[in-house]
>>> print(open('work11.txt').read())   # compact mmCIF, C-alpha atoms
# COMPACT_ATOMS: atom_id res chain seq x y z
CA MET A 1 18.18 -83.16 24.62
CA THR A 2 19.81 -80.24 26.38
CA CYS A 3 23.35 -79.03 25.78
CA SER A 4 25.80 -78.86 28.58
CA PRO A 5 27.76 -75.63 29.10
CA SER A 6 30.87 -77.30 27.63
CA MET A 7 28.95 -78.38 24.53
CA ARG A 8 27.51 -74.89 24.06
CA SER A 9 31.01 -73.43 24.41
CA SER A 10 32.37 -75.88 21.81
CA LEU A 11 29.52 -75.07 19.40
CA LEU A 12 30.15 -71.35 19.80
CA ARG A 13 33.84 -71.78 19.05
CA ARG A 14 32.99 -73.75 15.92
CA CYS A 15 30.59 -71.05 14.73
CA LEU A 16 33.23 -68.39 15.26
CA LYS A 17 35.74 -70.51 13.38
CA ASN A 18 33.35 -70.92 10.42
CA ASP A 19 32.95 -67.15 10.33
CA SER A 20 36.55 -66.91 9.14
CA MET A 21 35.89 -69.00 6.02
CA PRO A 22 36.55 -67.40 2.59
CA LYS A 23 33.88 -64.93 1.54
CA ARG A 24 32.43 -64.14 -1.86
CA THR A 25 32.16 -60.38 -1.31
CA GLN A 26 30.11 -57.97 -3.40
CA SER A 27 33.32 -56.38 -4.69
CA HIS A 28 34.38 -59.76 -6.10
CA VAL A 29 31.00 -60.14 -7.80
CA THR A 30 31.10 -56.69 -9.43
CA ALA A 31 34.71 -57.23 -10.53
CA ASP A 32 33.79 -60.48 -12.26
CA ILE A 33 30.77 -58.86 -13.92
CA ALA A 34 32.94 -56.04 -15.27
CA VAL A 35 35.60 -58.39 -16.65
CA THR A 36 32.92 -60.60 -18.23
CA ARG A 37 31.32 -57.62 -19.97
CA VAL A 38 34.65 -56.41 -21.36
CA VAL A 39 35.66 -59.89 -22.52
CA SER A 40 32.30 -60.43 -24.24
CA ILE A 41 32.85 -57.37 -26.45
CA PHE A 42 36.19 -58.68 -27.68
CA THR A 43 34.89 -62.22 -28.20
CA GLU A 44 31.95 -60.90 -30.24
CA LEU A 45 34.56 -59.58 -32.67
CA GLY A 46 36.03 -63.07 -32.95
CA TRP A 47 39.12 -62.62 -30.79
CA ALA A 48 40.43 -64.84 -28.02
CA CYS A 49 40.64 -63.50 -24.47
CA GLN A 50 42.32 -64.90 -21.40
CA THR A 51 42.12 -63.59 -17.87
CA VAL A 52 45.41 -63.16 -16.05
CA GLU A 53 45.72 -65.53 -13.11
CA HIS A 54 48.34 -63.48 -11.25
CA ASP A 55 47.20 -59.90 -11.72
CA TYR A 56 50.08 -57.40 -11.75
CA GLY A 57 48.07 -54.62 -13.34
CA GLU A 58 46.31 -56.26 -16.29
CA ASP A 59 43.23 -58.44 -15.97
CA VAL A 60 42.84 -59.68 -19.54
CA PHE A 61 44.99 -60.13 -22.61
CA VAL A 62 43.38 -60.17 -26.03
CA GLN A 63 44.75 -62.21 -28.92
CA SER A 64 43.28 -60.61 -32.02
CA ALA A 65 43.23 -61.82 -35.61
CA VAL A 66 42.56 -60.35 -39.03
CA ASN A 67 41.34 -62.41 -41.99
CA GLU A 68 41.77 -65.49 -39.75
CA SER A 69 45.48 -64.74 -39.29
CA VAL A 70 46.50 -64.34 -35.65
CA ASP A 71 48.28 -61.08 -34.89
CA PRO A 72 51.91 -61.12 -33.67
CA PHE A 73 51.01 -58.98 -30.66
CA ARG A 74 48.48 -58.85 -27.83
CA LEU A 75 46.33 -56.13 -26.32
CA TRP A 76 46.35 -55.93 -22.52
CA VAL A 77 43.33 -54.66 -20.60
CA GLN A 78 43.02 -53.55 -16.97
CA VAL A 79 39.39 -53.53 -15.88
CA LYS A 80 38.18 -51.24 -13.10
CA GLU A 81 34.66 -51.63 -11.82
CA THR A 82 32.27 -49.32 -10.01
CA GLU A 83 28.70 -49.84 -8.85
CA ASP A 84 27.87 -46.26 -9.83
CA ALA A 85 30.23 -44.13 -11.93
CA GLU A 86 28.46 -40.95 -10.86
CA VAL A 87 30.27 -41.02 -7.52
CA LEU A 88 33.55 -40.74 -9.46
CA ARG A 89 32.52 -37.78 -11.65
CA ASN A 90 34.60 -34.61 -11.23
CA LYS A 91 33.66 -30.97 -11.91
CA GLU A 92 34.68 -31.31 -15.56
CA GLY A 93 32.25 -34.21 -16.00
CA ARG A 94 34.84 -36.97 -16.27
CA PHE A 95 35.16 -40.06 -14.09
CA VAL A 96 38.29 -40.20 -11.94
CA TRP A 97 40.12 -43.37 -10.90
CA ARG A 98 43.37 -43.02 -8.98
CA VAL A 99 46.34 -45.37 -9.34
CA SER A 100 49.98 -45.27 -8.30
CA HIS A 101 52.51 -43.50 -10.52
CA ASP A 102 54.63 -46.66 -10.53
CA HIS A 103 51.71 -48.52 -12.04
CA VAL A 104 51.24 -45.90 -14.75
CA LEU A 105 54.97 -45.92 -15.51
CA ARG A 106 54.87 -49.66 -16.07
CA TRP A 107 51.92 -49.27 -18.42
CA ILE A 108 53.42 -46.54 -20.59
CA ARG A 109 56.73 -48.40 -20.89
CA SER A 110 55.09 -51.50 -22.33
CA LEU A 111 55.87 -52.18 -26.00
CA GLU A 112 52.38 -53.63 -26.33
CA THR A 113 49.25 -51.54 -26.00
CA ILE A 114 47.63 -51.38 -22.57
CA VAL A 115 44.11 -50.06 -22.10
CA VAL A 116 42.22 -49.39 -18.88
CA VAL A 117 38.44 -49.84 -18.95
CA LEU A 118 36.14 -48.48 -16.26
CA TRP A 119 32.91 -50.47 -16.17
CA ASP A 120 29.80 -48.97 -14.58
CA ILE A 121 27.67 -51.80 -13.18
CA LYS A 122 24.63 -49.54 -12.72
CA THR A 123 24.39 -48.42 -16.35
CA ASP A 124 26.14 -51.51 -17.79
CA ARG A 125 28.49 -49.27 -19.75
CA GLY A 126 32.25 -49.02 -19.99
CA TYR A 127 34.70 -46.21 -20.71
CA TRP A 128 38.30 -46.55 -21.82
CA VAL A 129 41.59 -44.72 -21.61
CA GLU A 130 45.08 -45.48 -22.91
CA PRO A 131 47.63 -44.47 -20.23
CA ARG A 132 50.51 -43.82 -22.66
CA GLU A 133 48.40 -41.10 -24.30
CA GLU A 134 47.64 -39.41 -20.98
CA PHE A 135 50.95 -39.51 -19.11
CA THR A 136 54.67 -38.99 -19.68
CA GLU A 137 57.70 -40.54 -18.01
CA TRP A 138 58.48 -37.31 -16.14
CA GLU A 139 54.97 -37.02 -14.77
CA CYS A 140 55.50 -40.39 -13.12
CA TYR A 141 59.04 -39.58 -11.93
CA LEU A 142 58.28 -36.11 -10.61
CA PRO A 143 54.63 -36.29 -9.58
CA ASP A 144 52.95 -33.29 -7.97
CA ARG A 145 50.35 -35.59 -6.38
CA LYS A 146 50.53 -38.81 -4.41
CA GLN A 147 48.60 -40.73 -7.07
CA ALA A 148 47.93 -40.42 -10.77
CA SER A 149 44.37 -39.78 -11.92
CA LEU A 150 42.96 -41.73 -14.83
CA LEU A 151 40.25 -39.58 -16.40
CA PHE A 152 37.48 -41.42 -18.24
CA SER A 153 35.18 -39.54 -20.59
CA GLU A 154 31.70 -40.47 -21.76
CA SER A 155 32.92 -39.70 -25.28
CA LYS A 156 35.18 -42.76 -25.05
CA LEU A 157 32.52 -45.41 -24.66
CA PHE A 158 33.90 -48.94 -24.68
CA ASP A 159 31.91 -50.88 -27.25
CA ARG A 160 32.63 -53.01 -30.34
CA ALA A 161 33.63 -49.99 -32.42
CA ALA A 162 36.07 -48.86 -29.72
CA ALA A 163 37.49 -52.37 -29.35
CA ASN A 164 38.04 -52.62 -33.11
CA LYS A 165 39.70 -49.18 -33.13
CA LEU A 166 42.02 -50.12 -30.27
CA ILE A 167 43.11 -53.32 -31.99
CA TRP A 168 43.77 -51.59 -35.30
CA GLU A 169 45.74 -48.83 -33.60
CA ALA A 170 47.72 -51.49 -31.73
CA ARG A 171 48.33 -53.29 -35.04
CA ILE A 172 49.60 -50.09 -36.69
CA THR A 173 51.77 -49.28 -33.66
CA HIS A 174 53.26 -52.77 -33.66
CA TYR A 175 54.16 -52.78 -37.35
CA SER A 176 55.39 -49.19 -37.16
CA LEU A 177 57.81 -50.23 -34.44
CA LEU A 178 59.02 -53.23 -36.46
CA ILE A 179 59.54 -51.04 -39.53
CA ALA A 180 61.50 -48.51 -37.47
CA LEU A 181 63.71 -51.32 -36.14
CA ALA A 182 64.21 -52.61 -39.70
CA LYS A 183 65.30 -49.16 -40.85
CA ALA A 184 67.75 -48.89 -37.95
CA MET A 185 69.14 -52.32 -38.84
CA GLU A 186 69.53 -51.32 -42.49
CA PHE A 187 71.38 -48.14 -41.47
CA ARG A 188 73.86 -50.13 -39.34
CA ILE A 189 74.44 -52.61 -42.16
CA LEU A 190 75.04 -49.85 -44.73
CA LYS A 191 77.59 -48.33 -42.38
CA ALA A 192 79.28 -51.70 -42.02
CA LYS A 193 79.36 -52.11 -45.82
CA GLU A 194 81.22 -48.81 -46.15
CA LYS A 195 84.10 -50.48 -44.32
CA ASP A 196 83.62 -53.93 -45.86
CA PRO A 197 81.54 -54.25 -49.08
CA ASN A 198 81.20 -58.00 -48.47
CA ALA A 199 79.70 -57.59 -45.00
CA HIS A 200 76.15 -58.93 -44.48
CA SER A 201 75.90 -60.17 -48.06
CA ASP A 202 72.80 -62.25 -47.18
CA PHE A 203 70.86 -59.34 -45.62
CA ARG A 204 67.31 -58.79 -46.82
CA ASN A 205 65.36 -55.89 -45.40
CA PRO A 206 62.17 -57.15 -43.67
CA ILE A 207 60.34 -53.88 -44.39
CA HIS A 208 58.92 -55.40 -47.58
CA THR A 209 57.44 -58.45 -45.84
CA LEU A 210 56.06 -56.29 -43.01
CA THR A 211 54.30 -53.90 -45.36
CA LEU A 212 53.08 -56.81 -47.46
CA ASP A 213 51.38 -58.28 -44.40
CA LEU A 214 49.78 -54.93 -43.63
CA LEU A 215 48.41 -54.68 -47.16
CA ARG A 216 46.95 -58.17 -46.75
CA ALA A 217 45.39 -57.16 -43.43
CA LEU A 218 43.81 -54.16 -45.17
CA ASP A 219 42.45 -56.46 -47.93
CA PHE A 220 44.36 -54.49 -50.55
CA ILE A 221 46.15 -57.67 -51.58
CA GLY A 222 44.35 -60.99 -51.92
CA LYS A 223 45.54 -64.50 -52.57
CA ASP A 224 45.98 -63.67 -56.28
CA GLY A 225 47.63 -60.32 -55.72
CA VAL A 226 45.94 -56.98 -56.35
CA SER A 227 42.55 -57.56 -57.98
CA SER A 228 41.82 -56.25 -61.47
CA GLU A 229 38.89 -54.28 -60.01
CA GLU A 230 41.22 -52.54 -57.57
CA ARG A 231 43.71 -51.72 -60.32
CA LYS A 232 40.98 -50.33 -62.56
CA LYS A 233 39.78 -48.06 -59.76
CA ILE A 234 43.31 -46.78 -59.14
CA GLU A 235 43.88 -46.10 -62.84
CA GLY A 236 40.48 -44.43 -63.17
CA VAL A 237 41.20 -42.03 -60.30
CA ALA A 238 44.65 -41.29 -61.77
CA GLN A 239 43.13 -40.41 -65.15
CA ARG A 240 40.60 -38.09 -63.50
CA LEU A 241 43.39 -36.35 -61.60
CA VAL A 242 45.28 -35.74 -64.85
CA LYS A 243 42.10 -34.50 -66.53
CA ASP A 244 41.56 -32.01 -63.71
CA ASP A 245 45.20 -30.92 -63.86
CA PRO A 246 46.85 -31.56 -67.25
CA THR A 247 50.23 -30.43 -65.85
CA LEU A 248 50.21 -33.36 -63.41
CA PRO A 249 52.51 -36.21 -64.56
CA ILE A 250 50.67 -39.50 -64.94
CA LYS A 251 53.15 -41.27 -62.64
CA ARG A 252 52.46 -38.74 -59.88
CA ALA A 253 48.72 -39.12 -60.45
CA ARG A 254 48.95 -42.92 -60.15
CA LEU A 255 50.96 -42.59 -56.97
CA SER A 256 48.36 -40.25 -55.47
CA SER A 257 45.57 -42.59 -56.55
CA LEU A 258 47.37 -45.53 -54.97
CA LEU A 259 47.76 -43.62 -51.71
CA LEU A 260 44.06 -42.75 -51.68
CA ALA A 261 43.15 -46.39 -52.31
CA ILE A 262 45.20 -47.60 -49.34
CA LEU A 263 43.71 -44.94 -47.07
CA SER A 264 40.24 -45.97 -48.26
CA HIS A 265 40.93 -49.58 -47.29
CA ALA A 266 42.19 -48.46 -43.90
CA HIS A 267 39.03 -46.40 -43.35
CA LYS A 268 36.81 -49.37 -44.21
CA LYS A 269 38.61 -51.51 -41.64
CA CYS A 270 38.58 -48.79 -39.00
CA PRO A 271 37.01 -45.35 -39.60
CA GLY A 272 39.46 -42.57 -38.80
CA LEU A 273 42.44 -44.91 -38.52
CA ALA A 274 45.66 -42.88 -38.50
CA VAL A 275 48.70 -44.26 -40.32
CA PRO A 276 52.11 -42.63 -39.64
CA GLU A 277 53.47 -40.82 -42.70
CA ASP A 278 56.80 -42.69 -42.83
CA MET A 279 54.99 -46.00 -42.50
CA LEU A 280 52.49 -45.04 -45.20
CA PHE A 281 55.38 -44.18 -47.53
CA GLU A 282 56.76 -47.72 -47.21
CA VAL A 283 53.32 -49.30 -47.63
CA VAL A 284 52.66 -47.36 -50.83
CA LYS A 285 56.01 -48.48 -52.29
CA THR A 286 55.21 -52.11 -51.59
CA ALA A 287 51.69 -51.70 -53.00
CA GLY A 288 53.15 -50.37 -56.25
CA VAL A 289 55.47 -53.36 -56.52
CA ALA A 290 52.57 -55.72 -55.75
CA ILE A 291 50.54 -54.25 -58.62
CA GLY A 292 53.47 -54.65 -60.99
CA VAL A 293 54.07 -58.25 -59.94
CA THR A 294 50.37 -59.10 -60.27
CA GLU A 295 50.24 -57.69 -63.78
CA ALA A 296 53.44 -59.52 -64.72
CA PHE A 297 51.95 -62.84 -63.62
CA GLU A 298 48.78 -62.17 -65.62
CA THR A 299 50.69 -61.31 -68.82
CA GLY A 300 53.04 -64.25 -68.39
CA ASP A 301 56.12 -62.08 -68.03
CA LEU A 302 56.69 -63.55 -64.57
CA LYS A 303 56.22 -67.25 -63.91
>>> encode(input="work11.txt", output="structure tokens")
Amino acid sequence: MTCSPSMRSSLLRRCLKNDSMPKRTQSHVTADIAVTRVVSIFTELGWACQTVEHDYGEDVFVQSAVNESVDPFRLWVQVKETEDAEVLRNKEGRFVWRVSHDHVLRWIRSLETIVVVLWDIKTDRGYWVEPREEFTEWECYLPDRKQASLLFSESKLFDRAAANKLIWEARITHYSLLIALAKAMEFRILKAKEKDPNAHSDFRNPIHTLTLDLLRALDFIGKDGVSSEERKKIEGVAQRLVKDDPTLPIKRARLSSLLLAILSHAHKKCPGLAVPEDMLFEVVKTAGVAIGVTEAFETGDLK
């Protein structure tokens, strides 16, 4: 059967029309691979991930947990993909990815932690950067270039250790912010009480519950309080400190030992984890109270 000229013309038009159908481009494929790789690292650590349907700068949000308790914050991740990171390498050896200053400004103003991961499809490796550590408000308001440059280093490999570090740093940042807000609230209430001693009579500072939760997250406090093994270690270190320096008061030695114990727990959870000094001060105070309460329960002084 032969086709008439009109039939051939109709067939050609249909073929041209089909050519405009949605395409599954290579860029879509590599983007999905990159997001899948990043998500798999978080899920291997036991955390829930969800891709963002309407992407305004973040592809994935991570809902982490510690000791099966879900965290009261989320980590946001923007995934950038490249088929070969070498084409992005600059003279200093870092990989450069350019974004708008408005985008960076939005990232650094977020109260929750935002991380950008560059995934190299060729080597199947990722690198991460935290925008708030690389840029300031003024750099985004008064830029000397049209776009901001995210600089990824091979020293910041995105793997399970990096993911764990990012979550713990986000956890510390979140609680540090809550503690700062609690202190500001307490200051306002104390000022109000100067005018009216009966003002805010039902106020209870949430710093104690916040630091208690942190100590639980660090496994310093268990379901039965501070373990006898933990308390023996703290007392043993305190006694050694006094032996090394007889002029050191035993109370000061116990406080130092308690501080070292908390830092040791933090290091076990995340090597090199930094805890702000003012936050650490509050945590140590709560830890001391927790030890006293635990001992009181055991002796029957507190029921």
>>> closest_residue(input="work11.txt", among="A:Asp84, A:Asp213, A:Asp244, A:Glu44", to="Ile179 in chain A", atoms="all atoms listed in the file")
A:Asp213
>>> residues_around(input="work11.txt", residues="range 164-172 of chain A", least_positions_apart="5", cutoff="7 Å", atoms="only C-alpha atoms", output="list in words")
Thr113, Cys270 and Val275 of chain A
>>> closest_residue(input="work11.txt", among="A:Tyr127, A:Phe158, A:Phe152, A:Tyr141", to="Phe42 in chain A", atoms="only C-alpha atoms")
A:Phe158
>>> closest_residue(input="work11.txt", among="A:Leu214, A:Val77, A:Leu258, A:Leu151", to="Glu112 in chain A", atoms="all atoms listed in the file")
A:Val77
>>> closest_residue(input="work11.txt", among="A:Ser9, A:Arg240, A:Gly272, A:Arg231", to="Ile291 in chain A", atoms="all atoms listed in the file")
A:Arg231
>>> residues_near_point(input="work11.txt", point="(30.7, -38.7, -15.4)", cutoff="10 Å", atoms="all atoms listed in the file", output="list in words")
Asp84, Ala85, Glu86, Val87, Leu88, Arg89, Asn90, Lys91, Glu92, Gly93, Arg94, Phe95, Val96, Leu151, Phe152, Ser153 and Glu154 of chain A
>>> closest_residue(input="work11.txt", among="A:Ala148, A:Ala266, A:Ile108, A:Ala161", to="Leu45 in chain A", atoms="all atoms listed in the file")
A:Ala161
>>> atom_distance(input="work11.txt", atom1="CA of Val35 in chain A", atom2="CA of Phe61 in chain A")
11.3 Å
>>> closest_residue(input="work11.txt", among="A:Gly126, A:Pro72, A:Pro276, A:Pro131", to="Ser149 in chain A", atoms="all atoms listed in the file")
A:Pro131
>>> atom_distance(input="work11.txt", atom1="CA of Tyr175 in chain A", atom2="CA of Leu157 in chain A")
26.1 Å
>>> atom_distance(input="work11.txt", atom1="CA of Ile121 in chain A", atom2="CA of Lys80 in chain A")
10.5 Å
>>> residues_around(input="work11.txt", residues="Lys233 in chain A", least_positions_apart="3", cutoff="12 Å", atoms="all atoms listed in the file", output="list of chain:residue names")
A:Val226, A:Ser227, A:Ser228, A:Glu229, A:Glu230, A:Gly236, A:Val237, A:Ala238, A:Gln239, A:Arg240, A:Arg254, A:Ser257, A:Leu258, A:Leu260, A:Ala261, A:Ile262, A:Ser264
>>> axis_aligned_box(input="work11.txt", around="range 43-49 of chain A", padding_each_side="4 Å", output="AutoDock Vina command-line options")
--center_x 36.3 --center_y -62.2 --center_z -28.7 --size_x 16.7 --size_y 13.3 --size_z 16.5
>>> residues_around(input="work11.txt", residues="Val38 in chain A", least_positions_apart="3", cutoff="12 Å", atoms="all atoms listed in the file", output="number ranges by chain")
A: 31-35, 41-45, 49-51, 59-62, 76-81, 115-121, 124-128, 157-160, 162-163
>>> residues_around(input="work11.txt", residues="Ile250 in chain A", least_positions_apart="5", cutoff="10 Å", atoms="only C-alpha atoms", output="ChimeraX atom specification")
/A:235,238-239,241-242,255-256
>>> write_last_selection(input="work11.txt", atoms="C-alpha atoms", output="mmCIF file, in the frame of the given file")
data_model
loop_
_atom_site.group_PDB
_atom_site.id
_atom_site.type_symbol
_atom_site.label_atom_id
_atom_site.label_comp_id
_atom_site.auth_asym_id
_atom_site.auth_seq_id
_atom_site.Cartn_x
_atom_site.Cartn_y
_atom_site.Cartn_z
ATOM 1 C CA GLU A 235 43.880 -46.100 -62.840
ATOM 2 C CA ALA A 238 44.650 -41.290 -61.770
ATOM 3 C CA GLN A 239 43.130 -40.410 -65.150
ATOM 4 C CA LEU A 241 43.390 -36.350 -61.600
ATOM 5 C CA VAL A 242 45.280 -35.740 -64.850
ATOM 6 C CA LEU A 255 50.960 -42.590 -56.970
ATOM 7 C CA SER A 256 48.360 -40.250 -55.470
#
>>> residues_around(input="work11.txt", residues="Glu186 in chain A", least_positions_apart="4", cutoff="8 Å", atoms="only C-alpha atoms", output="compact mmCIF listing (two decimals) with C-alpha atoms, in the frame of the given file")
# COMPACT_ATOMS: atom_id res chain seq x y z
CA ALA A 182 64.21 -52.61 -39.70
CA LEU A 190 75.04 -49.85 -44.73
CA ASN A 205 65.36 -55.89 -45.40
>>> residues_near_point(input="work11.txt", point="(56.8, -39.3, -17.3)", cutoff="12 Å", atoms="all atoms listed in the file", output="compact mmCIF listing (two decimals) with C-alpha atoms, in the frame of the given file")
# COMPACT_ATOMS: atom_id res chain seq x y z
CA HIS A 101 52.51 -43.50 -10.52
CA ASP A 102 54.63 -46.66 -10.53
CA HIS A 103 51.71 -48.52 -12.04
CA VAL A 104 51.24 -45.90 -14.75
CA LEU A 105 54.97 -45.92 -15.51
CA ARG A 106 54.87 -49.66 -16.07
CA TRP A 107 51.92 -49.27 -18.42
CA ILE A 108 53.42 -46.54 -20.59
CA ARG A 109 56.73 -48.40 -20.89
CA PRO A 131 47.63 -44.47 -20.23
CA ARG A 132 50.51 -43.82 -22.66
CA GLU A 133 48.40 -41.10 -24.30
CA GLU A 134 47.64 -39.41 -20.98
CA PHE A 135 50.95 -39.51 -19.11
CA THR A 136 54.67 -38.99 -19.68
CA GLU A 137 57.70 -40.54 -18.01
CA TRP A 138 58.48 -37.31 -16.14
CA GLU A 139 54.97 -37.02 -14.77
CA CYS A 140 55.50 -40.39 -13.12
CA TYR A 141 59.04 -39.58 -11.93
CA LEU A 142 58.28 -36.11 -10.61
CA PRO A 143 54.63 -36.29 -9.58
CA ASP A 144 52.95 -33.29 -7.97
CA ALA A 148 47.93 -40.42 -10.77
